[in-house]
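The structure file data_21.cif is reproduced below (mmCIF, C-alpha atoms).
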data_work
#
loop_
_atom_site.group_PDB
_atom_site.id
_atom_site.type_symbol
_atom_site.label_atom_id
_atom_site.label_comp_id
_atom_site.auth_asym_id
_atom_site.auth_seq_id
_atom_site.Cartn_x
_atom_site.Cartn_y
_atom_site.Cartn_z
ATOM 1 C CA MET A 921 -40.801 4.261 3.589
ATOM 2 C CA MET A 922 -37.724 6.566 3.895
ATOM 3 C CA MET A 923 -36.921 5.050 7.328
ATOM 4 C CA ALA A 924 -37.024 1.548 5.871
ATOM 5 C CA ILE A 925 -34.652 2.521 3.049
ATOM 6 C CA GLY A 926 -32.337 4.288 5.530
ATOM 7 C CA SER A 927 -32.323 1.241 7.809
ATOM 8 C CA ILE A 928 -31.417 -1.034 4.902
ATOM 9 C CA CYS A 929 -28.520 1.270 3.888
ATOM 10 C CA PHE A 930 -27.208 1.384 7.465
ATOM 11 C CA PHE A 931 -27.510 -2.405 7.898
ATOM 12 C CA THR A 932 -25.755 -2.998 4.590
ATOM 13 C CA ALA A 933 -22.781 -0.770 5.446
ATOM 14 C CA SER A 934 -22.479 -2.142 8.993
ATOM 15 C CA ALA A 935 -22.699 -5.809 7.993
ATOM 16 C CA GLN A 936 -19.771 -5.556 5.583
ATOM 17 C CA THR A 937 -17.210 -5.000 8.337
ATOM 18 C CA GLY A 938 -18.699 -7.443 10.864
ATOM 19 C CA LYS A 939 -16.733 -10.113 12.690
ATOM 20 C CA GLY A 940 -16.227 -13.312 10.688
ATOM 21 C CA ARG A 941 -16.435 -11.683 7.235
ATOM 22 C CA PHE A 942 -13.729 -11.762 4.569
ATOM 23 C CA ALA A 943 -12.567 -9.075 2.146
ATOM 24 C CA ILE A 944 -10.586 -9.198 -1.071
ATOM 25 C CA SER A 945 -9.250 -5.871 -2.250
ATOM 26 C CA GLY A 946 -7.185 -4.432 -5.013
ATOM 27 C CA ASN A 947 -5.895 -0.934 -5.449
ATOM 28 C CA THR A 948 -3.482 1.076 -7.475
ATOM 29 C CA ASP A 949 -2.078 4.559 -7.433
ATOM 30 C CA MET A 950 -4.552 7.060 -8.821
ATOM 31 C CA ASN A 951 -1.686 8.939 -10.376
ATOM 32 C CA LEU A 952 1.973 8.569 -9.554
ATOM 33 C CA MET A 953 3.830 7.771 -6.383
ATOM 34 C CA PHE A 954 6.575 10.277 -5.664
ATOM 35 C CA ALA A 955 9.632 9.564 -3.549
ATOM 36 C CA LYS A 956 13.009 10.991 -2.605
ATOM 37 C CA THR A 957 15.783 8.498 -1.937
ATOM 38 C CA SER A 958 19.183 9.029 -0.374
ATOM 39 C CA LEU A 959 21.968 6.534 -1.016
ATOM 40 C CA VAL A 960 23.967 5.783 2.138
ATOM 41 C CA VAL A 961 27.429 4.197 1.739
ATOM 42 C CA ASP A 962 29.393 3.541 4.926
ATOM 43 C CA SER A 963 27.243 6.108 6.810
ATOM 44 C CA ALA A 964 27.959 8.879 4.269
ATOM 45 C CA ALA A 965 25.102 10.379 2.235
ATOM 46 C CA GLY A 966 25.449 10.277 -1.549
ATOM 47 C CA GLU A 967 23.422 11.309 -4.588
ATOM 48 C CA LYS A 968 19.785 12.409 -4.509
ATOM 49 C CA GLN A 969 17.171 10.806 -6.750
ATOM 50 C CA THR A 970 13.537 11.472 -7.665
ATOM 51 C CA SER A 971 11.095 8.740 -8.667
ATOM 52 C CA SER A 972 7.703 8.292 -10.286
ATOM 53 C CA ALA A 973 5.917 4.949 -10.050
ATOM 54 C CA PHE A 974 2.882 2.803 -10.774
ATOM 55 C CA ASN A 975 1.867 0.532 -7.906
ATOM 56 C CA ALA A 976 -0.674 -2.321 -7.798
ATOM 57 C CA ASN A 977 -1.720 -4.126 -4.620
ATOM 58 C CA ALA A 978 -3.973 -7.120 -3.972
ATOM 59 C CA GLY A 979 -5.033 -8.137 -0.497
ATOM 60 C CA PHE A 980 -7.032 -10.646 1.500
ATOM 61 C CA ALA A 981 -8.387 -9.910 4.984
ATOM 62 C CA TYR A 982 -10.444 -11.519 7.735
ATOM 63 C CA PHE A 983 -12.488 -9.495 10.246
ATOM 64 C CA VAL A 984 -11.399 -10.706 13.699
ATOM 65 C CA ALA A 985 -13.802 -8.253 15.358
ATOM 66 C CA ASN A 986 -16.424 -5.796 14.161
ATOM 67 C CA ASN A 987 -14.633 -3.158 12.023
ATOM 68 C CA LEU A 988 -11.159 -4.709 12.613
ATOM 69 C CA ALA A 989 -9.511 -6.848 9.935
ATOM 70 C CA VAL A 990 -6.146 -8.577 9.699
ATOM 71 C CA GLY A 991 -4.804 -9.541 6.333
ATOM 72 C CA ILE A 992 -1.969 -9.808 3.904
ATOM 73 C CA THR A 993 -1.211 -7.658 0.880
ATOM 74 C CA GLY A 994 0.966 -8.504 -2.083
ATOM 75 C CA SER A 995 2.314 -5.621 -4.108
ATOM 76 C CA PHE A 996 4.121 -4.949 -7.345
ATOM 77 C CA LYS A 997 5.591 -1.600 -8.309
ATOM 78 C CA TYR A 998 7.307 -0.241 -11.400
ATOM 79 C CA THR A 999 9.477 2.836 -10.825
ATOM 80 C CA ARG A 1000 11.344 5.189 -13.105
ATOM 81 C CA THR A 1001 14.139 6.947 -11.215
ATOM 82 C CA ASP A 1002 15.777 10.113 -12.516
ATOM 83 C CA ALA A 1003 19.207 10.509 -10.910
ATOM 84 C CA ASP A 1004 21.707 13.345 -10.788
ATOM 85 C CA ASN A 1005 24.334 11.406 -12.756
ATOM 86 C CA VAL A 1006 25.347 10.455 -16.327
ATOM 87 C CA ILE A 1007 22.953 7.458 -16.465
ATOM 88 C CA GLY A 1008 19.923 9.760 -16.412
ATOM 89 C CA TYR A 1009 17.185 7.266 -15.496
ATOM 90 C CA VAL A 1010 16.759 3.683 -14.329
ATOM 91 C CA HIS A 1011 13.771 1.309 -14.339
ATOM 92 C CA ASN A 1012 13.104 -0.576 -11.073
ATOM 93 C CA TYR A 1013 10.752 -3.418 -10.207
ATOM 94 C CA THR A 1014 9.610 -4.031 -6.641
ATOM 95 C CA ALA A 1015 7.611 -6.904 -5.140
ATOM 96 C CA GLY A 1016 6.480 -7.199 -1.546
ATOM 97 C CA VAL A 1017 4.444 -9.122 0.996
ATOM 98 C CA ILE A 1018 2.970 -7.007 3.809
ATOM 99 C CA PRO A 1019 0.808 -8.327 6.693
ATOM 100 C CA THR A 1020 -1.716 -5.589 7.595
ATOM 101 C CA VAL A 1021 -4.255 -4.495 10.189
ATOM 102 C CA THR A 1022 -7.208 -2.326 9.098
ATOM 103 C CA TYR A 1023 -9.734 -0.518 11.261
ATOM 104 C CA PHE A 1024 -13.026 0.897 9.900
ATOM 105 C CA PHE A 1025 -14.452 3.721 12.003
ATOM 106 C CA PRO A 1026 -18.068 2.744 12.886
ATOM 107 C CA LEU A 1027 -20.051 5.606 11.371
ATOM 108 C CA LYS A 1028 -23.644 5.480 10.157
ATOM 109 C CA GLY A 1029 -24.177 5.534 6.417
ATOM 110 C CA ASN A 1030 -22.304 4.158 3.452
ATOM 111 C CA LEU A 1031 -19.070 6.154 3.927
ATOM 112 C CA LYS A 1032 -16.547 4.742 6.399
ATOM 113 C CA PRO A 1033 -13.141 6.259 7.151
ATOM 114 C CA ASN A 1034 -10.484 3.628 7.785
ATOM 115 C CA ILE A 1035 -6.811 3.259 8.560
ATOM 116 C CA SER A 1036 -4.427 0.451 7.678
ATOM 117 C CA ALA A 1037 -0.940 -0.267 8.964
ATOM 118 C CA GLY A 1038 1.480 -2.969 7.950
ATOM 119 C CA ALA A 1039 5.038 -4.214 8.166
ATOM 120 C CA GLY A 1040 6.603 -6.697 5.796
ATOM 121 C CA TYR A 1041 9.380 -7.582 3.399
ATOM 122 C CA ILE A 1042 10.092 -6.175 -0.047
ATOM 123 C CA TRP A 1043 12.491 -6.931 -2.892
ATOM 124 C CA LEU A 1044 13.831 -4.385 -5.387
ATOM 125 C CA PHE A 1045 15.288 -5.552 -8.717
ATOM 126 C CA THR A 1046 17.087 -3.600 -11.428
ATOM 127 C CA SER A 1047 20.282 -4.064 -13.429
ATOM 128 C CA GLY A 1048 23.163 -4.124 -10.956
ATOM 129 C CA LEU A 1049 20.857 -4.059 -7.923
ATOM 130 C CA ASP A 1050 19.186 -6.780 -5.881
ATOM 131 C CA ALA A 1051 18.010 -5.142 -2.654
ATOM 132 C CA GLU A 1052 15.661 -6.429 0.000
ATOM 133 C CA GLY A 1053 14.483 -5.411 3.437
ATOM 134 C CA LEU A 1054 11.820 -4.065 5.769
ATOM 135 C CA SER A 1055 8.818 -1.997 4.655
ATOM 136 C CA LEU A 1056 6.565 -0.097 7.079
ATOM 137 C CA ASN A 1057 3.285 1.351 5.770
ATOM 138 C CA VAL A 1058 0.350 3.385 7.018
ATOM 139 C CA ALA A 1059 -2.672 4.267 4.869
ATOM 140 C CA PRO A 1060 -5.635 6.366 6.016
ATOM 141 C CA GLY A 1061 -8.590 6.277 3.648
ATOM 142 C CA ILE A 1062 -12.313 6.262 3.099
ATOM 143 C CA SER A 1063 -14.556 3.534 1.691
ATOM 144 C CA TYR A 1064 -17.919 4.014 0.017
ATOM 145 C CA PHE A 1065 -20.040 0.887 0.447
ATOM 146 C CA ALA A 1066 -22.091 0.657 -2.751
ATOM 147 C CA ASN A 1067 -23.889 -2.464 -1.478
ATOM 148 C CA ARG A 1068 -23.395 -5.374 0.928
ATOM 149 C CA ASN A 1069 -20.524 -6.881 -1.081
ATOM 150 C CA VAL A 1070 -18.648 -3.986 -2.723
ATOM 151 C CA SER A 1071 -16.832 -0.857 -1.595
ATOM 152 C CA LEU A 1072 -14.973 1.801 -3.565
ATOM 153 C CA ASP A 1073 -11.837 2.871 -1.712
ATOM 154 C CA LEU A 1074 -9.691 6.030 -1.747
ATOM 155 C CA GLY A 1075 -6.690 6.712 0.423
ATOM 156 C CA VAL A 1076 -3.173 7.979 0.962
ATOM 157 C CA GLN A 1077 -0.257 5.661 1.729
ATOM 158 C CA TYR A 1078 3.017 6.534 3.448
ATOM 159 C CA SER A 1079 5.822 3.966 3.221
ATOM 160 C CA TYR A 1080 9.234 3.756 4.844
ATOM 161 C CA ASN A 1081 11.612 1.176 3.355
ATOM 162 C CA HIS A 1082 15.034 0.132 4.626
ATOM 163 C CA LEU A 1083 16.765 -2.021 1.989
ATOM 164 C CA THR A 1084 20.185 -3.639 1.641
ATOM 165 C CA ASN A 1085 21.719 -4.394 -1.768
ATOM 166 C CA THR A 1086 23.198 -7.894 -1.913
ATOM 167 C CA TYR A 1087 24.201 -7.792 -5.597
ATOM 168 C CA GLY A 1088 27.900 -8.284 -6.312
ATOM 169 C CA PHE A 1089 30.471 -7.808 -3.593
ATOM 170 C CA SER A 1090 29.230 -4.611 -2.005
ATOM 171 C CA GLU A 1091 26.394 -3.903 0.378
ATOM 172 C CA TYR A 1092 24.599 -0.571 -0.013
ATOM 173 C CA THR A 1093 21.803 0.557 2.264
ATOM 174 C CA TYR A 1094 18.794 2.408 0.870
ATOM 175 C CA LYS A 1095 16.380 4.355 3.040
ATOM 176 C CA GLN A 1096 13.240 5.398 1.219
ATOM 177 C CA GLN A 1097 10.179 7.406 2.218
ATOM 178 C CA ALA A 1098 7.252 7.473 -0.209
ATOM 179 C CA LEU A 1099 3.766 8.971 -0.350
ATOM 180 C CA GLY A 1100 1.064 7.805 -2.766
ATOM 181 C CA PHE A 1101 -2.632 8.308 -3.488
ATOM 182 C CA LEU A 1102 -4.567 5.040 -3.773
ATOM 183 C CA ALA A 1103 -7.853 4.091 -5.426
ATOM 184 C CA GLY A 1104 -9.371 0.634 -5.378
ATOM 185 C CA LEU A 1105 -12.233 -1.781 -5.014
ATOM 186 C CA SER A 1106 -12.988 -4.260 -2.212
ATOM 187 C CA ILE A 1107 -15.299 -7.273 -2.267
ATOM 188 C CA PHE A 1108 -16.766 -8.555 1.012
ATOM 189 C CA PHE A 1109 -18.185 -12.021 1.628
#

Could I get this structure in the form of structure tokens?
Amino acid sequence: MMMAIGSICFFTASAQTGKGRFAISGNTDMNLMFAKTSLVVDSAAGEKQTSSAFNANAGFAYFVANNLAVGITGSFKYTRTDADNVIGYVHNYTAGVIPTVTYFFPLKGNLKPNISAGAGYIWLFTSGLDAEGLSLNVAPGISYFANRNVSLDLGVQYSYNHLTNTYGFSEYTYKQQALGFLAGLSIFF
């Protein structure tokens, strides 16, 4: 009896990441995303800033091979930035579209480590700022497959963003590195 139950659990976890399956996922930061940003104007470094943020992501993926999925993720982020200047803080809104590749390590059982990587385009909006540019992301994590169609996901995401402000008559370049803890849910079909 225990072997039969164990076989069912293994089959269930393995079948979720099989070739030809689809996944819809959503995740958000478990807590806050922290970042340090340096403003670069004409190759000279300027003020330092610290940020805290809430980030929500929704994605769709297709398994092109067993344990390997390609997909696209849309994201929205709200950020409060505390700067070393008289303004004090600023609210920012970011939206992005990131094509991704995800690999699930083929382990027995319901827990599967995974890693995702993506590169895409993001837009950052705030008063006096309209920046856009390249975003590179990598996110190692672990998924717990509760059943054939659902997994609970935890992970860490590192992002590198290179943005150019096109608002007004000046072009500023922003280089941002961010690290966040993610929690989410995925549905497989």

| message | With only C-alpha atoms as the counted atoms, please give the residues lying no more than 10 Å from Pro1019 (chain A), apart from itself and same-chain residues fewer than 2 positions off, as a list in words. | response | Gly979, Phe980, Ala981, Val990, Gly991, Ile992, Thr993, Gly994, Val1017, Val1021, Ala1037, Gly1038, Ala1039, Gly1040 and Tyr1041 of chain A

If you keep C-alpha atoms, can you produce a file of those selected residues as a PDB file, in the coordinates of the input?
ATOM      1  CA  GLY A 979      -5.033  -8.137  -0.497  1.00  0.00           C
ATOM      2  CA  PHE A 980      -7.032 -10.646   1.500  1.00  0.00           C
ATOM      3  CA  ALA A 981      -8.387  -9.910   4.984  1.00  0.00           C
ATOM      4  CA  VAL A 990      -6.146  -8.577   9.699  1.00  0.00           C
ATOM      5  CA  GLY A 991      -4.804  -9.541   6.333  1.00  0.00           C
ATOM      6  CA  ILE A 992      -1.969  -9.808   3.904  1.00  0.00           C
ATOM      7  CA  THR A 993      -1.211  -7.658   0.880  1.00  0.00           C
ATOM      8  CA  GLY A 994       0.966  -8.504  -2.083  1.00  0.00           C
ATOM      9  CA  VAL A1017       4.444  -9.122   0.996  1.00  0.00           C
ATOM     10  CA  VAL A1021      -4.255  -4.495  10.189  1.00  0.00           C
ATOM     11  CA  ALA A1037      -0.940  -0.267   8.964  1.00  0.00           C
ATOM     12  CA  GLY A1038       1.480  -2.969   7.950  1.00  0.00           C
ATOM     13  CA  ALA A1039       5.038  -4.214   8.166  1.00  0.00           C
ATOM     14  CA  GLY A1040       6.603  -6.697   5.796  1.00  0.00           C
ATOM     15  CA  TYR A1041       9.380  -7.582   3.399  1.00  0.00           C
TER      16      TYR A1041
END

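Of the residues under consideration (A:Phe983, A:Phe1065, A:Tyr1013, A:Tyr1094), A:Phe1065 shows the shortest atom-to-atom contact distance to Ser1106 (chain A) when counting all atoms listed in the file.
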
Show me as a compact mmCIF listing (two decimals) with C-alpha atoms, in the coordinates of the input the residues that reach within 12 Å of (16.3, -3.3, 4.7), counting only C-alpha atoms and using the file's own coordinates.
# COMPACT_ATOMS: atom_id res chain seq x y z
CA ALA A 1039 5.04 -4.21 8.17
CA GLY A 1040 6.60 -6.70 5.80
CA TYR A 1041 9.38 -7.58 3.40
CA ILE A 1042 10.09 -6.18 -0.05
CA TRP A 1043 12.49 -6.93 -2.89
CA LEU A 1044 13.83 -4.38 -5.39
CA ASP A 1050 19.19 -6.78 -5.88
CA ALA A 1051 18.01 -5.14 -2.65
CA GLU A 1052 15.66 -6.43 0.00
CA GLY A 1053 14.48 -5.41 3.44
CA LEU A 1054 11.82 -4.07 5.77
CA SER A 1055 8.82 -2.00 4.66
CA LEU A 1056 6.56 -0.10 7.08
CA TYR A 1080 9.23 3.76 4.84
CA ASN A 1081 11.61 1.18 3.36
CA HIS A 1082 15.03 0.13 4.63
CA LEU A 1083 16.76 -2.02 1.99
CA THR A 1084 20.18 -3.64 1.64
CA ASN A 1085 21.72 -4.39 -1.77
CA THR A 1086 23.20 -7.89 -1.91
CA GLU A 1091 26.39 -3.90 0.38
CA TYR A 1092 24.60 -0.57 -0.01
CA THR A 1093 21.80 0.56 2.26
CA TYR A 1094 18.79 2.41 0.87
CA LYS A 1095 16.38 4.36 3.04
CA GLN A 1096 13.24 5.40 1.22

Using only C-alpha atoms, what table do you get, as a Markdown table, when you list each residue of region 1003-1054 of chain A with an atom no more than 12 Å from region 974-978 of chain A, its nearest pair of atoms, and their distance in Å rounded to one decimal, rows by chain then rising number?
| residue | atom | partner | partner_atom | distance |
| --- | --- | --- | --- | --- |
| A:His1011 | CA | A:Phe974 | CA | 11.6 |
| A:Asn1012 | CA | A:Phe974 | CA | 10.8 |
| A:Tyr1013 | CA | A:Asn975 | CA | 10.0 |
| A:Thr1014 | CA | A:Asn975 | CA | 9.1 |
| A:Ala1015 | CA | A:Asn977 | CA | 9.7 |
| A:Gly1016 | CA | A:Asn977 | CA | 9.3 |
| A:Val1017 | CA | A:Asn977 | CA | 9.7 |
| A:Ile1018 | CA | A:Asn977 | CA | 10.1 |
| A:Pro1019 | CA | A:Ala978 | CA | 11.7 |
| A:Thr1020 | CA | A:Ala978 | CA | 11.9 |

| message | Let me make sure I understand: among A:Phe1045, A:Ile1062, A:Ala973, A:Asn1034, which one has the smallest atom-to-atom distance to Thr1001 (chain A) if we use only C-alpha atoms? | response | A:Ala973

Show me, as JSON, the centre and edge lengths in Å to one decimal of the axis-aligned box that covers every listed atom of region 1040-1048 of chain A with 5 Å on each side.
{"center_x": 14.9, "center_y": -5.6, "center_z": -3.8, "size_x": 26.6, "size_y": 14.0, "size_z": 29.2}

| request: Excluding region 1067-1076 of chain A and residues on its chain fewer than 2 positions from it, collect all residues at most 6 Å away from it, counting all atoms listed in the file, and give them as a list of chain:residue names. | output: A:Thr932, A:Gln936, A:Ala1059, A:Pro1060, A:Gly1061, A:Ile1062, A:Ser1063, A:Tyr1064, A:Phe1065, A:Gly1100, A:Phe1101, A:Leu1102, A:Ala1103, A:Gly1104, A:Leu1105, A:Ser1106, A:Ile1107, A:Phe1108
